[in-house]
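Here the structure is laid out as structure tokens; the discussion comes afterwards.
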Amino acid sequence: MPPAPVSAALRRIKPSPTMAMTAKARALRAEGRDVISLSVGEPDFDTPQHIKDAAIRAIQAGHTKYTDVDGVPELKDAVAAKFKRENGLDYARNQITTAPGGKAVIFAAMMATLDEGDEVVIPAPYWVSYPDIVLMCGARPVSIAARLEDGYKIRPEALAAAITPRTKWLILNSPSNPSGAAYSRDELAALADVLIAHPQVWILADDMYEHLVFGDFKFHTIAEVAPALYDRTLTMNGASKAYCMTGWRVGYAGGPADLIKGMANVMTQSTMHASSISQWAAVAALNGPQDFLVGFRKSFEERRDLVVSMLNQARGISCPTPQGAFYVYPSIAALIGKRAPSGAVIDTDEAFIGALLEAEGVAAVHGGAFGLSPNFRVSYATAPAVLEDACARIQRFCGSLS
Ligand SMILES: Cc1ncc(COP(=O)(O)O)c(C=O)c1O
């Protein structure tokens, strides 16, 4: 057999480590092991009924054919209305795109704009796909390490230091996957001051977890906080996390018309549009009742509080309380160099995660995958009783290290 043909672009990237951990946990469970997975990246709630009903109606109405590449006009209008209503942002129809998932929006934006030698600034810890999408496009990801004492948010000085004449984009994800950290209005304004001084830099605001913020925290997005950046910001969001629609594949964005057109050209030759049926479901999600989000947020907030409190009681773990999403990103700096009862040396966060899975059957993702170590990511999109069991196991494991 000839060797599999592998492109230079493929050699530059790695398969998603979060998906790999989810698959590993599933395989161990199939072998009969008692495994709890804290690695999933999706809400554990079902898609609301009114959204499912809209999809069924779309099928029955014959909305089963190709649509415009960046979505049906009704969906673009629903997205524009959402940006106006929730973010105070005005986008005309030709400034709106929709795609098969938020990931496809990001991919189209990068593919439409990046050349070899371009740099993309990505605060770490980051969502695993950003650097690999940038690498696939032949450009260079430049990461800025956020600090535990800053709640895993970058400071304006660090952003200023990372920008060079080759910087084309900053990717700003708030609330963040994997840390849950979200930037306040003032924090965004301080970053915007830096960006205003560098007109060659575009901003991709990944607002995927907008609706999952807790307590008094108020969500803001950078184009709204700093109108001076509106002309070079792509404000991106999607149906996946807010409406429990990860499998439906609908992402969307608002931005300058030229960029939106370039992204449509990329999509015509690659992904094409989101499923016609999913698009009509997303129209119902965006235009329909939003009140179910209140219960949804409350339930995630309770779980966040449970997990943060229990993890901070584990020996050697330090876990800040994030403002949003459904992840926490504890530091295990105090455990590096320790030894597990099995003899395994905890010299990296990857070793910690491997030994934890082996000893206690808890699957989480190591910080190295998100560009900031030594940490691990816990997804708390799981029933509270399961979270309690998992955190008790983590406490026992940390207590067993010597
Ligand atoms: C920060 C962030 N952005 C974008 C996405 C992409 O979401 P999707 O492609 O499922 O719409 C995800 C999914 O995990 C995410 O965590």
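Starting from 1 in every chain, residues are counted up; chains themselves are A, B, ... following the order of the structure tokens, and ligands are numbered from 1 as listed.
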
Skip region 120-128 of chain A itself and residues of its chain fewer than 2 positions away, then list as JSON, numbers by chain all residues within 7 Å of it, counting only C-alpha atoms. {"A": [16, 118, 130, 131, 140, 141, 142, 143, 144, 145, 146, 154, 167, 168, 169, 170, 171, 177, 178, 179, 369, 370, 371, 372]}

Keeping only N, CA, C and O atoms, take the residues you just selected and write them out as a compact mmCIF listing (two decimals), in the first residue's frame.
# COMPACT_ATOMS: atom_id res chain seq x y z
N SER A 16 -7.92 17.30 17.77
CA SER A 16 -8.40 18.00 18.97
C SER A 16 -8.15 17.16 20.23
O SER A 16 -8.68 16.04 20.37
N ASP A 118 1.97 36.05 8.43
CA ASP A 118 1.07 36.83 9.30
C ASP A 118 1.05 36.21 10.70
O ASP A 118 1.23 35.00 10.87
N TYR A 130 -8.03 27.41 17.94
CA TYR A 130 -7.50 28.66 17.36
C TYR A 130 -6.12 28.48 16.72
O TYR A 130 -5.92 28.82 15.55
N PRO A 131 -5.12 28.01 17.49
CA PRO A 131 -3.79 27.94 16.87
C PRO A 131 -3.74 27.00 15.67
O PRO A 131 -3.06 27.29 14.68
N ARG A 140 1.10 32.34 11.73
CA ARG A 140 1.78 31.97 12.97
C ARG A 140 0.98 32.42 14.20
O ARG A 140 0.72 33.61 14.36
N PRO A 141 0.55 31.45 15.04
CA PRO A 141 -0.10 31.85 16.29
C PRO A 141 0.93 32.38 17.29
O PRO A 141 2.00 31.79 17.43
N VAL A 142 0.61 33.48 17.95
CA VAL A 142 1.50 34.06 18.97
C VAL A 142 0.69 34.10 20.26
O VAL A 142 -0.32 34.80 20.33
N SER A 143 1.11 33.31 21.26
CA SER A 143 0.25 33.29 22.43
C SER A 143 0.77 34.21 23.54
O SER A 143 1.96 34.46 23.65
N ILE A 144 -0.16 34.73 24.32
CA ILE A 144 0.18 35.56 25.49
C ILE A 144 -0.32 34.78 26.69
O ILE A 144 -1.51 34.45 26.76
N ALA A 145 0.57 34.52 27.64
CA ALA A 145 0.16 33.76 28.82
C ALA A 145 -0.57 34.66 29.81
O ALA A 145 0.00 35.64 30.29
N ALA A 146 -1.82 34.35 30.10
CA ALA A 146 -2.55 35.07 31.15
C ALA A 146 -2.14 34.46 32.49
O ALA A 146 -1.64 33.34 32.55
N ILE A 154 -5.75 38.61 30.14
CA ILE A 154 -4.49 39.29 29.80
C ILE A 154 -4.57 40.76 30.16
O ILE A 154 -5.64 41.38 30.14
N THR A 167 1.21 41.46 12.89
CA THR A 167 -0.01 40.99 13.56
C THR A 167 -1.23 41.34 12.72
O THR A 167 -1.46 42.51 12.40
N LYS A 168 -2.01 40.32 12.37
CA LYS A 168 -3.22 40.59 11.59
C LYS A 168 -4.48 40.52 12.45
O LYS A 168 -5.43 41.25 12.22
N TRP A 169 -4.49 39.62 13.41
CA TRP A 169 -5.68 39.43 14.23
C TRP A 169 -5.31 39.30 15.71
O TRP A 169 -4.24 38.77 16.04
N LEU A 170 -6.24 39.70 16.56
CA LEU A 170 -6.27 39.27 17.96
C LEU A 170 -7.55 38.45 18.11
O LEU A 170 -8.62 38.90 17.67
N ILE A 171 -7.44 37.28 18.70
CA ILE A 171 -8.65 36.49 18.98
C ILE A 171 -8.96 36.64 20.47
O ILE A 171 -8.14 36.28 21.33
N ASN A 177 -13.34 29.52 26.93
CA ASN A 177 -13.07 28.09 26.99
C ASN A 177 -11.55 28.01 26.84
O ASN A 177 -11.05 28.44 25.79
N PRO A 178 -10.79 27.62 27.83
CA PRO A 178 -11.12 26.72 28.93
C PRO A 178 -11.23 27.35 30.32
O PRO A 178 -11.50 26.61 31.28
N SER A 179 -11.03 28.66 30.51
CA SER A 179 -10.91 29.14 31.90
C SER A 179 -12.22 29.66 32.48
O SER A 179 -12.33 29.82 33.69
N ALA A 369 -2.78 21.31 26.52
CA ALA A 369 -3.62 21.35 25.33
C ALA A 369 -4.16 22.76 25.06
O ALA A 369 -4.47 23.11 23.93
N PHE A 370 -4.24 23.57 26.12
CA PHE A 370 -4.81 24.92 26.00
C PHE A 370 -3.72 26.00 26.09
O PHE A 370 -4.02 27.19 26.22
N GLY A 371 -2.46 25.55 26.06
CA GLY A 371 -1.35 26.49 25.97
C GLY A 371 -0.94 27.13 27.28
O GLY A 371 -0.16 28.08 27.26
N LEU A 372 -1.43 26.65 28.42
CA LEU A 372 -0.99 27.22 29.70
C LEU A 372 -0.95 26.12 30.76
O LEU A 372 -1.97 25.51 31.07

Can you tell me which residues sit at most 7 Å away from ligand 1, counting only C-alpha atoms and all ligand atoms, written as a ChimeraX atom specification? /A:41,101-104,127,173,176-177,206,208,238-240,246,249-251

Cut-off 12 Å: closest region 208-272 of chain A/region 50-74 of chain A atom pairs per residue, using only C-alpha atoms, as a Markdown table:
| residue | atom | partner | partner_atom | distance |
| --- | --- | --- | --- | --- |
| A:Ala239 | CA | A:Ile51 | CA | 10.8 |
| A:Tyr243 | CA | A:Ile51 | CA | 8.6 |
| A:Cys244 | CA | A:Ile51 | CA | 10.1 |
| A:Met245 | CA | A:Ile51 | CA | 9.3 |
| A:Trp248 | CA | A:Ala55 | CA | 10.1 |
| A:Val250 | CA | A:Gly71 | CA | 9.8 |
| A:Gly251 | CA | A:Asp70 | CA | 10.2 |
| A:Tyr252 | CA | A:Asp70 | CA | 8.9 |
| A:Ala253 | CA | A:Asp70 | CA | 10.2 |
| A:Gly254 | CA | A:Asp70 | CA | 11.5 |
| A:Ile260 | CA | A:Asp70 | CA | 8.8 |
| A:Lys261 | CA | A:Asp70 | CA | 9.1 |
| A:Gly262 | CA | A:Asp70 | CA | 10.9 |
| A:Met263 | CA | A:Asp70 | CA | 8.6 |
| A:Ala264 | CA | A:Asp70 | CA | 6.0 |
| A:Asn265 | CA | A:Val69 | CA | 8.5 |
| A:Val266 | CA | A:Val69 | CA | 9.8 |
| A:Met267 | CA | A:Val69 | CA | 6.8 |
| A:Thr268 | CA | A:Val69 | CA | 6.2 |
| A:Gln269 | CA | A:Val69 | CA | 9.8 |
| A:Ser270 | CA | A:Val69 | CA | 10.3 |
| A:Thr271 | CA | A:Val69 | CA | 9.0 |
| A:Met272 | CA | A:Val69 | CA | 5.5 |

Using only C-alpha atoms, the residue out of A:Thr321, A:Leu401, A:Cys391, A:Ala363 with shortest distance to Gly337 (chain A) is A:Leu401

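Each of A:Ser184, A:Ser400, A:Ser331, A:Ser7 was checked against Gly368 (chain A) using only C-alpha atoms; the smallest atom-to-atom distance is that of A:Ser331.
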